[in-house]
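Chemist: Before we start, here is the structure in question, set down as structure tokens.
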Amino acid sequence: MGTVPTGVRGLDVLMDGGFPKGATVIVEGAPGTGKTTLGMQFLHQGAVRDGEAGIYITFEEFPDQLYRDMLVFGWDLRKLEAEGLLRVISMTPDIFLEQMTEPGGLIEKLIVDVGCKRMVIDSISLFRYGTASQEEHRRTLYRLRNILRKFDLTSVLIKEQGTMNEESGFEAYISDGFIQLQLKQQMDKYRVRTLEILKMRGRRIREGEHIYRLTDHGIRLIPARSMVEDLALINGREKVPTGVEVLDGLLEGGFSQGTVMLLDTNSKANYKYLVASVLANRLRAGDKVVALLSSFHTPQDFDRMLALQGLSMSRMAGEGRLFFIEHYKRSYPDGCEAAVIDVKGLTGSQKYREFVRESLGPRAEESPGNWFIYYDLNTVLSERGKEYVMKFFAEETAEIKAKGMTMMVMCNFSEIGPECSAYLERTCNGVIRTWVDGSYQYMQVMKSPNGIISEPYVVETTAQAPFMRLT
């Protein structure tokens with residue numbers, strides 16, 4: 001099913017592109033919420049950007065009033081009418097319904113004459129005054145929806161806000177989409193406009209209430225859980241896919257090259273599949289990988305996880321593409337010995353830092369290209385202490401980013417306290433959180449260079465790589 005952009009900045013993002021083509025969408029709101037503006041913006045943008053002709057049916061306002069009101073936004077409706085891209089029709093609900101249902105009637109002729117693709121009806125609330133009963137009102141709405149579908153029109157039906165009673169439930173049921181606009185009190189002194197998509201058939205929607213503004217150019221919506229984009233980190237940067245489809249979609253392709261992403265996980269969550277997927281994708285892409293594993297994530301665990309991804313840990317290490325920083329006395333599979341940077345006997349921060357630099361520096365110089373670092377910060381906290389992290393982590397990540405390397409850091413915020421957690425969040429370019437609550441594991445993007453803060457997703461286990469899915 002195709003999509004029809006609404007022309008409302010931010011709204012299309014909530015529906016992954018726009019209204020479903022041919023959909024009938026009810027927009028409900030109290031007076032002053034901008035229902036008419038949204039409807040006309042939908043028609044205006046369709047005409048100007050997509051060359052799609054539209055019809056605006058109004059039961060309460062004369063066309064001249066709409067022409068004047070919309071000029072505030074710079075929308076010249078008369079010009080669009082002269083170009084055959086718009087018709088603004090004022091009539092009574094009775095005449096509209098009569099002509100709408102009459103074969104070859106006025107409405108059908110208008111649709112055919114202008115090649116109409118979009119229609120707005122303002123407002124369907126008036127239909128109930130011309131019907132004898134609720135049952136008849138329902139039949140009227142049902143008949144209207146079927147006629148709009150017959151002509152394959154993408155339509156907005158404006159409705160005055162009422163209580164979510166049985167009648168509203170029926171309207172939501174027969175429509176393809178239902179959007180609610182509200183004016184709410186905020187901070188005692190202010191009012192805020194919010195938009196919520198309650199239903200949109202055939203589209204994945206971003207749920208919740210989203211703030212919108214009436215600007216000089218019409219309605220502009222600010223999606224919830226969104227922040228300012230860090231353009232310096234996303235413009236012109238290559239993407240580092242994680243291999244998890246939904247996560248890569250949220251990050252617009254994956255991690256940005258040369259950034260530091262932090263994975264916050266609690267003690268019950270299984271993060272190994274995500275780590276293995278990211279590192280396997282990097283190795284398959286030809287990157288060199290450095291892994292600092294935890295005491296719980298053993299070399300043998302890592303070997304098995306890469307094997308599930310179709311990769312040999314010994315082979316990758318033997319080819320000089322996989323290295324390990326090892327804090328513990330434990331064995332590695334055959335063929336990995338030369339790839340292990342053994343730091344377990346080192347004491348003192350400066351001595352440790354210099355040894356790691358001297359061990360990795362020549363390897364990076366001898367093998368230029370993209371490098372990816374996996375860094376289990378819980379191990380560093382355990383072996384080097386919180387003071388070391390607070391003093392040197394920002395410096396280490398700055399060096400890594402300056403060299404164009406990409407880094408994924410794993411940490412458990414609940415174990416390190418709010419001060420250290422806040423410090424790490426500030427230092428990293430993005431934060432992904434995964435946790436277990438009850439019988440489910442969840443994952444959520446909490447911070448990202450592209451400004452997205454996602455809804456929580458349920459983590460499902462799958463039978464094939466990457467062995468996890470976000471739903």
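Letters for chains follow the order of the structure tokens (A, B, ...), residue numbers begin at 1 for each chain, and ligand numbers begin at 1 in the order shown.
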Would you give me, as JSON lines, each residue of segment 9-49 of chain A having an atom within 10 Å of an atom of segment 56-72 of chain A, along with its shortest atom pair and that distance in Å to one decimal, using only C-alpha atoms and sorting by chain and residue number?
Modeler:
{"residue": "A:Thr36", "atom": "CA", "partner": "A:Leu66", "partner_atom": "CA", "distance": 9.2}
{"residue": "A:Thr37", "atom": "CA", "partner": "A:Met70", "partner_atom": "CA", "distance": 7.8}
{"residue": "A:Gly39", "atom": "CA", "partner": "A:Tyr56", "partner_atom": "CA", "distance": 8.2}
{"residue": "A:Met40", "atom": "CA", "partner": "A:Tyr56", "partner_atom": "CA", "distance": 7.5}
{"residue": "A:Gln41", "atom": "CA", "partner": "A:Met70", "partner_atom": "CA", "distance": 9.0}
{"residue": "A:Leu43", "atom": "CA", "partner": "A:Tyr56", "partner_atom": "CA", "distance": 7.9}
{"residue": "A:His44", "atom": "CA", "partner": "A:Met70", "partner_atom": "CA", "distance": 9.8}
Chemist: Take the residues just selected and output them with N, CA and C atoms as a PDB file, in the first residue's frame.
Modeler:
ATOM      1  N   THR A  36      -9.249  22.692  10.844  1.00  0.00           N
ATOM      2  CA  THR A  36      -9.394  23.230   9.488  1.00  0.00           C
ATOM      3  C   THR A  36      -8.034  23.468   8.856  1.00  0.00           C
ATOM      4  N   THR A  37      -7.102  23.995   9.641  1.00  0.00           N
ATOM      5  CA  THR A  37      -5.752  24.244   9.132  1.00  0.00           C
ATOM      6  C   THR A  37      -5.098  22.944   8.686  1.00  0.00           C
ATOM      7  N   GLY A  39      -6.591  20.181   7.724  1.00  0.00           N
ATOM      8  CA  GLY A  39      -7.247  19.704   6.512  1.00  0.00           C
ATOM      9  C   GLY A  39      -6.806  20.465   5.277  1.00  0.00           C
ATOM     10  N   MET A  40      -6.739  21.793   5.384  1.00  0.00           N
ATOM     11  CA  MET A  40      -6.338  22.582   4.221  1.00  0.00           C
ATOM     12  C   MET A  40      -4.852  22.406   3.905  1.00  0.00           C
ATOM     13  N   GLN A  41      -4.027  22.230   4.935  1.00  0.00           N
ATOM     14  CA  GLN A  41      -2.603  21.980   4.709  1.00  0.00           C
ATOM     15  C   GLN A  41      -2.408  20.671   3.939  1.00  0.00           C
ATOM     16  N   LEU A  43      -4.491  19.416   1.754  1.00  0.00           N
ATOM     17  CA  LEU A  43      -4.849  19.660   0.355  1.00  0.00           C
ATOM     18  C   LEU A  43      -3.823  20.557  -0.333  1.00  0.00           C
ATOM     19  N   HIS A  44      -3.399  21.613   0.346  1.00  0.00           N
ATOM     20  CA  HIS A  44      -2.464  22.572  -0.253  1.00  0.00           C
ATOM     21  C   HIS A  44      -1.144  21.905  -0.590  1.00  0.00           C
TER      22      HIS A  44
END
Chemist: Going by DSSP on the backbone, which bits of segment 308-339 of chain A are strand (DSSP E or B)? Write them as a ChimeraX atom specification, please.
Modeler: /A:322-326
Chemist: Wanna dump the segment 286-306 of chain A-segment 353-368 of chain A contacts at 10 Å for me, each residue with its shortest atom pair and the distance in Å to one decimal, counting only C-alpha atoms, ordered by chain and number, as JSON lines?
Modeler:
{"residue": "A:Asp287", "atom": "CA", "partner": "A:Pro368", "partner_atom": "CA", "distance": 9.5}
{"residue": "A:Lys288", "atom": "CA", "partner": "A:Ser367", "partner_atom": "CA", "distance": 8.3}
{"residue": "A:Val290", "atom": "CA", "partner": "A:Leu360", "partner_atom": "CA", "distance": 8.9}
Chemist: Mind checking which residues fall within 6 Å of Lys117 of chain A, counting only C-alpha atoms, ignoring those fewer than 4 positions away in the same chain, and posting them as an NGL selection string?
Modeler: :A and (52-54 or 153)
Chemist: Would you mind exporting N, CA and C atoms of the selected residues as a PDB file, in the first residue's frame?
Modeler:
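Result file result-v2.pdb:
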ATOM      1  N   GLU A  52      -1.441  16.870  -6.869  1.00  0.00           N
ATOM      2  CA  GLU A  52      -2.680  16.118  -6.664  1.00  0.00           C
ATOM      3  C   GLU A  52      -3.824  17.082  -6.372  1.00  0.00           C
ATOM      4  N   ALA A  53      -4.848  17.030  -7.179  1.00  0.00           N
ATOM      5  CA  ALA A  53      -5.993  17.912  -7.003  1.00  0.00           C
ATOM      6  C   ALA A  53      -6.814  17.479  -5.785  1.00  0.00           C
ATOM      7  N   GLY A  54      -7.404  18.470  -5.098  1.00  0.00           N
ATOM      8  CA  GLY A  54      -8.198  18.188  -3.915  1.00  0.00           C
ATOM      9  C   GLY A  54      -9.472  19.002  -3.868  1.00  0.00           C
ATOM     10  N   LEU A 153     -10.294   7.975  -2.981  1.00  0.00           N
ATOM     11  CA  LEU A 153      -9.853   9.257  -2.439  1.00  0.00           C
ATOM     12  C   LEU A 153      -9.176   9.058  -1.082  1.00  0.00           C
TER      13      LEU A 153
END
Chemist: From the list A:Ala23, A:Leu247, A:Val278, A:Met313, which residue is nearest Glu455 of chain A when using only C-alpha atoms?
Modeler: A:Leu247
Chemist: Quick one: pick out all alpha helix (DSSP H) residues within segment 28-84 of chain A from a backbone DSSP run and write them as a PyMOL selection string.
Modeler: chain A and resi 35-50+63-71+77-82
Chemist: Which distance in Å separates atom CA of Glu28 of chain A and atom CA of Arg118 of chain A, to one decimal?
Modeler: 18.2 Å
Chemist: Leaving out Val389 of chain A and any residue of its chain fewer than 2 positions from it, which residues lie within 12 Å of it when counting only C-alpha atoms, given as a list in words?
Modeler: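 My list of contacting residues is Ser349, Arg353, Asp376, Leu377, Asn378, Thr379, Val380, Leu381, Ser382, Glu383, Arg384, Gly385, Lys386, Glu387, Lys391, Phe392, Phe393, Ala394, Glu395, Glu396, Thr397, Cys411, Ile416, Glu419, Cys420, Ser421, Tyr423, Leu424 and Thr427 of chain A.
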Chemist: Excluding segment 96-107 of chain A and its own-chain neighbours fewer than 3 positions away, which residues fall within 10 Å of it when counting only C-alpha atoms? Please give them as a list of chain:residue names.
Modeler: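 The neighbour list is A:Ile55, A:Ile57, A:Thr58, A:Phe59, A:Ile89, A:Ser90, A:Met91, A:Thr92, A:Pro93, A:Leu110, A:Ile111, A:Val112, A:Asp113, A:Ile121, A:Phe127, A:Thr140, A:Leu141, A:Arg143, A:Leu144, A:Ile147, A:Leu148.
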Chemist: Using only C-alpha atoms, find the one residue out of A:Phe372, A:Gly258, A:Gly7, A:Tyr332 that sits nearest to Leu279 of chain A.
Modeler: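 When distances to Leu279 of chain A are compared using only C-alpha atoms, the smallest one comes from A:Phe372.
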Chemist: What gap, in Å, lies between atom CA of Arg128 of chain A and atom CA of Gln180 of chain A?
Modeler: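 Atom CA of Gln180 of chain A lies at a distance of 19.6 Å from atom CA of Arg128 of chain A.
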Chemist: Taking into account only C-alpha atoms, which residue in the set A:Met200, A:Ala82, A:Val260, A:Leu250 is nearest to Gln444 of chain A?
Modeler: A:Leu250
Chemist: Select, from A:Glu171, A:Asp152, A:Asp50, A:Glu196, the residue with the minimum atom-to-atom distance to Leu14 of chain A, counting only C-alpha atoms.
Modeler: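 The answer is A:Glu196, which sits nearest to Leu14 of chain A.
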Chemist: May I have the residues within 12 Å of Leu470 of chain A as a PyMOL selection string, using only C-alpha atoms and disregarding those fewer than 3 positions away in the same chain?
Modeler: chain A and resi 243-250+274+434+440-445+454-462+466-467
Chemist: Please write the residues from the selection above to a file, keeping N, CA, C and O atoms, as a tab-separated table (two decimals), in the first residue's frame.
Modeler:
chain	number	residue	atom	x	y	z
A	243	GLY	N	23.15	-4.79	12.41
A	243	GLY	CA	22.63	-6.08	11.99
A	243	GLY	C	21.25	-6.37	12.54
A	243	GLY	O	20.63	-7.37	12.17
A	244	VAL	N	20.74	-5.52	13.44
A	244	VAL	CA	19.39	-5.66	13.99
A	244	VAL	C	18.52	-4.66	13.23
A	244	VAL	O	18.68	-3.44	13.38
A	245	GLU	N	17.59	-5.15	12.43
A	245	GLU	CA	16.87	-4.33	11.45
A	245	GLU	C	16.18	-3.11	12.06
A	245	GLU	O	16.36	-1.99	11.58
A	246	VAL	N	15.39	-3.31	13.11
A	246	VAL	CA	14.65	-2.19	13.69
A	246	VAL	C	15.59	-1.17	14.31
A	246	VAL	O	15.40	0.04	14.16
A	247	LEU	N	16.63	-1.64	14.98
A	247	LEU	CA	17.59	-0.73	15.59
A	247	LEU	C	18.31	0.09	14.54
A	247	LEU	O	18.48	1.32	14.69
A	248	ASP	N	18.71	-0.53	13.44
A	248	ASP	CA	19.35	0.22	12.35
A	248	ASP	C	18.40	1.23	11.74
A	248	ASP	O	18.81	2.32	11.34
A	249	GLY	N	17.11	0.88	11.68
A	249	GLY	CA	16.13	1.84	11.17
A	249	GLY	C	16.00	3.05	12.06
A	249	GLY	O	15.94	4.18	11.58
A	250	LEU	N	15.98	2.83	13.37
A	250	LEU	CA	15.88	3.94	14.32
A	250	LEU	C	17.10	4.85	14.23
A	250	LEU	O	17.00	6.07	14.37
A	274	LEU	N	23.25	-8.94	20.73
A	274	LEU	CA	23.46	-7.63	20.10
A	274	LEU	C	24.95	-7.39	19.89
A	274	LEU	O	25.37	-6.96	18.80
A	434	THR	N	18.81	-1.64	27.56
A	434	THR	CA	18.07	-2.90	27.52
A	434	THR	C	17.91	-3.41	28.94
A	434	THR	O	18.83	-3.31	29.75
A	440	TYR	N	9.59	-10.19	30.23
A	440	TYR	CA	10.02	-9.66	28.94
A	440	TYR	C	11.31	-8.85	29.06
A	440	TYR	O	11.57	-8.21	30.09
A	441	GLN	N	12.09	-8.89	27.99
A	441	GLN	CA	13.25	-8.01	27.87
A	441	GLN	C	12.90	-6.90	26.90
A	441	GLN	O	12.24	-7.13	25.87
A	442	TYR	N	13.33	-5.69	27.22
A	442	TYR	CA	13.03	-4.51	26.41
A	442	TYR	C	14.32	-3.85	25.94
A	442	TYR	O	15.39	-4.03	26.54
A	443	MET	N	14.19	-3.06	24.87
A	443	MET	CA	15.31	-2.26	24.39
A	443	MET	C	14.77	-0.92	23.92
A	443	MET	O	13.71	-0.85	23.28
A	444	GLN	N	15.50	0.17	24.20
A	444	GLN	CA	15.05	1.51	23.85
A	444	GLN	C	16.25	2.38	23.54
A	444	GLN	O	17.26	2.35	24.24
A	445	VAL	N	16.15	3.15	22.46
A	445	VAL	CA	17.16	4.17	22.15
A	445	VAL	C	16.85	5.40	23.00
A	445	VAL	O	15.80	6.02	22.86
A	454	SER	N	13.49	6.49	21.09
A	454	SER	CA	12.46	5.57	20.63
A	454	SER	C	11.52	5.16	21.75
A	454	SER	O	11.79	5.39	22.93
A	455	GLU	N	10.44	4.52	21.38
A	455	GLU	CA	9.60	3.83	22.34
A	455	GLU	C	10.32	2.56	22.78
A	455	GLU	O	11.24	2.09	22.09
A	456	PRO	N	9.95	1.96	23.90
A	456	PRO	CA	10.55	0.68	24.29
A	456	PRO	C	10.08	-0.43	23.34
A	456	PRO	O	8.90	-0.51	23.01
A	457	TYR	N	11.00	-1.27	22.91
A	457	TYR	CA	10.68	-2.42	22.07
A	457	TYR	C	10.90	-3.70	22.87
A	457	TYR	O	11.82	-3.79	23.68
A	458	VAL	N	10.05	-4.69	22.61
A	458	VAL	CA	10.25	-6.01	23.22
A	458	VAL	C	11.32	-6.75	22.42
A	458	VAL	O	11.32	-6.74	21.19
A	459	VAL	N	12.25	-7.40	23.13
A	459	VAL	CA	13.31	-8.18	22.49
A	459	VAL	C	12.85	-9.63	22.38
A	459	VAL	O	12.54	-10.26	23.39
A	460	GLU	N	12.77	-10.13	21.15
A	460	GLU	CA	12.38	-11.51	20.91
A	460	GLU	C	13.58	-12.31	20.43
A	460	GLU	O	14.43	-11.80	19.68
A	461	THR	N	13.65	-13.57	20.80
A	461	THR	CA	14.68	-14.47	20.30
A	461	THR	C	14.20	-15.07	18.98
A	461	THR	O	13.04	-15.46	18.84
A	462	THR	N	15.11	-15.14	17.99
A	462	THR	CA	14.78	-15.72	16.69
A	462	THR	C	15.72	-16.89	16.41
A	462	THR	O	16.77	-17.03	17.05
A	466	PRO	N	20.23	-12.20	13.34
A	466	PRO	CA	21.10	-12.00	14.51
A	466	PRO	C	20.57	-12.62	15.81
A	466	PRO	O	21.03	-12.24	16.88
A	467	PHE	N	19.58	-13.53	15.72
A	467	PHE	CA	19.04	-14.25	16.86
A	467	PHE	C	18.28	-13.35	17.84
A	467	PHE	O	18.03	-13.73	18.98
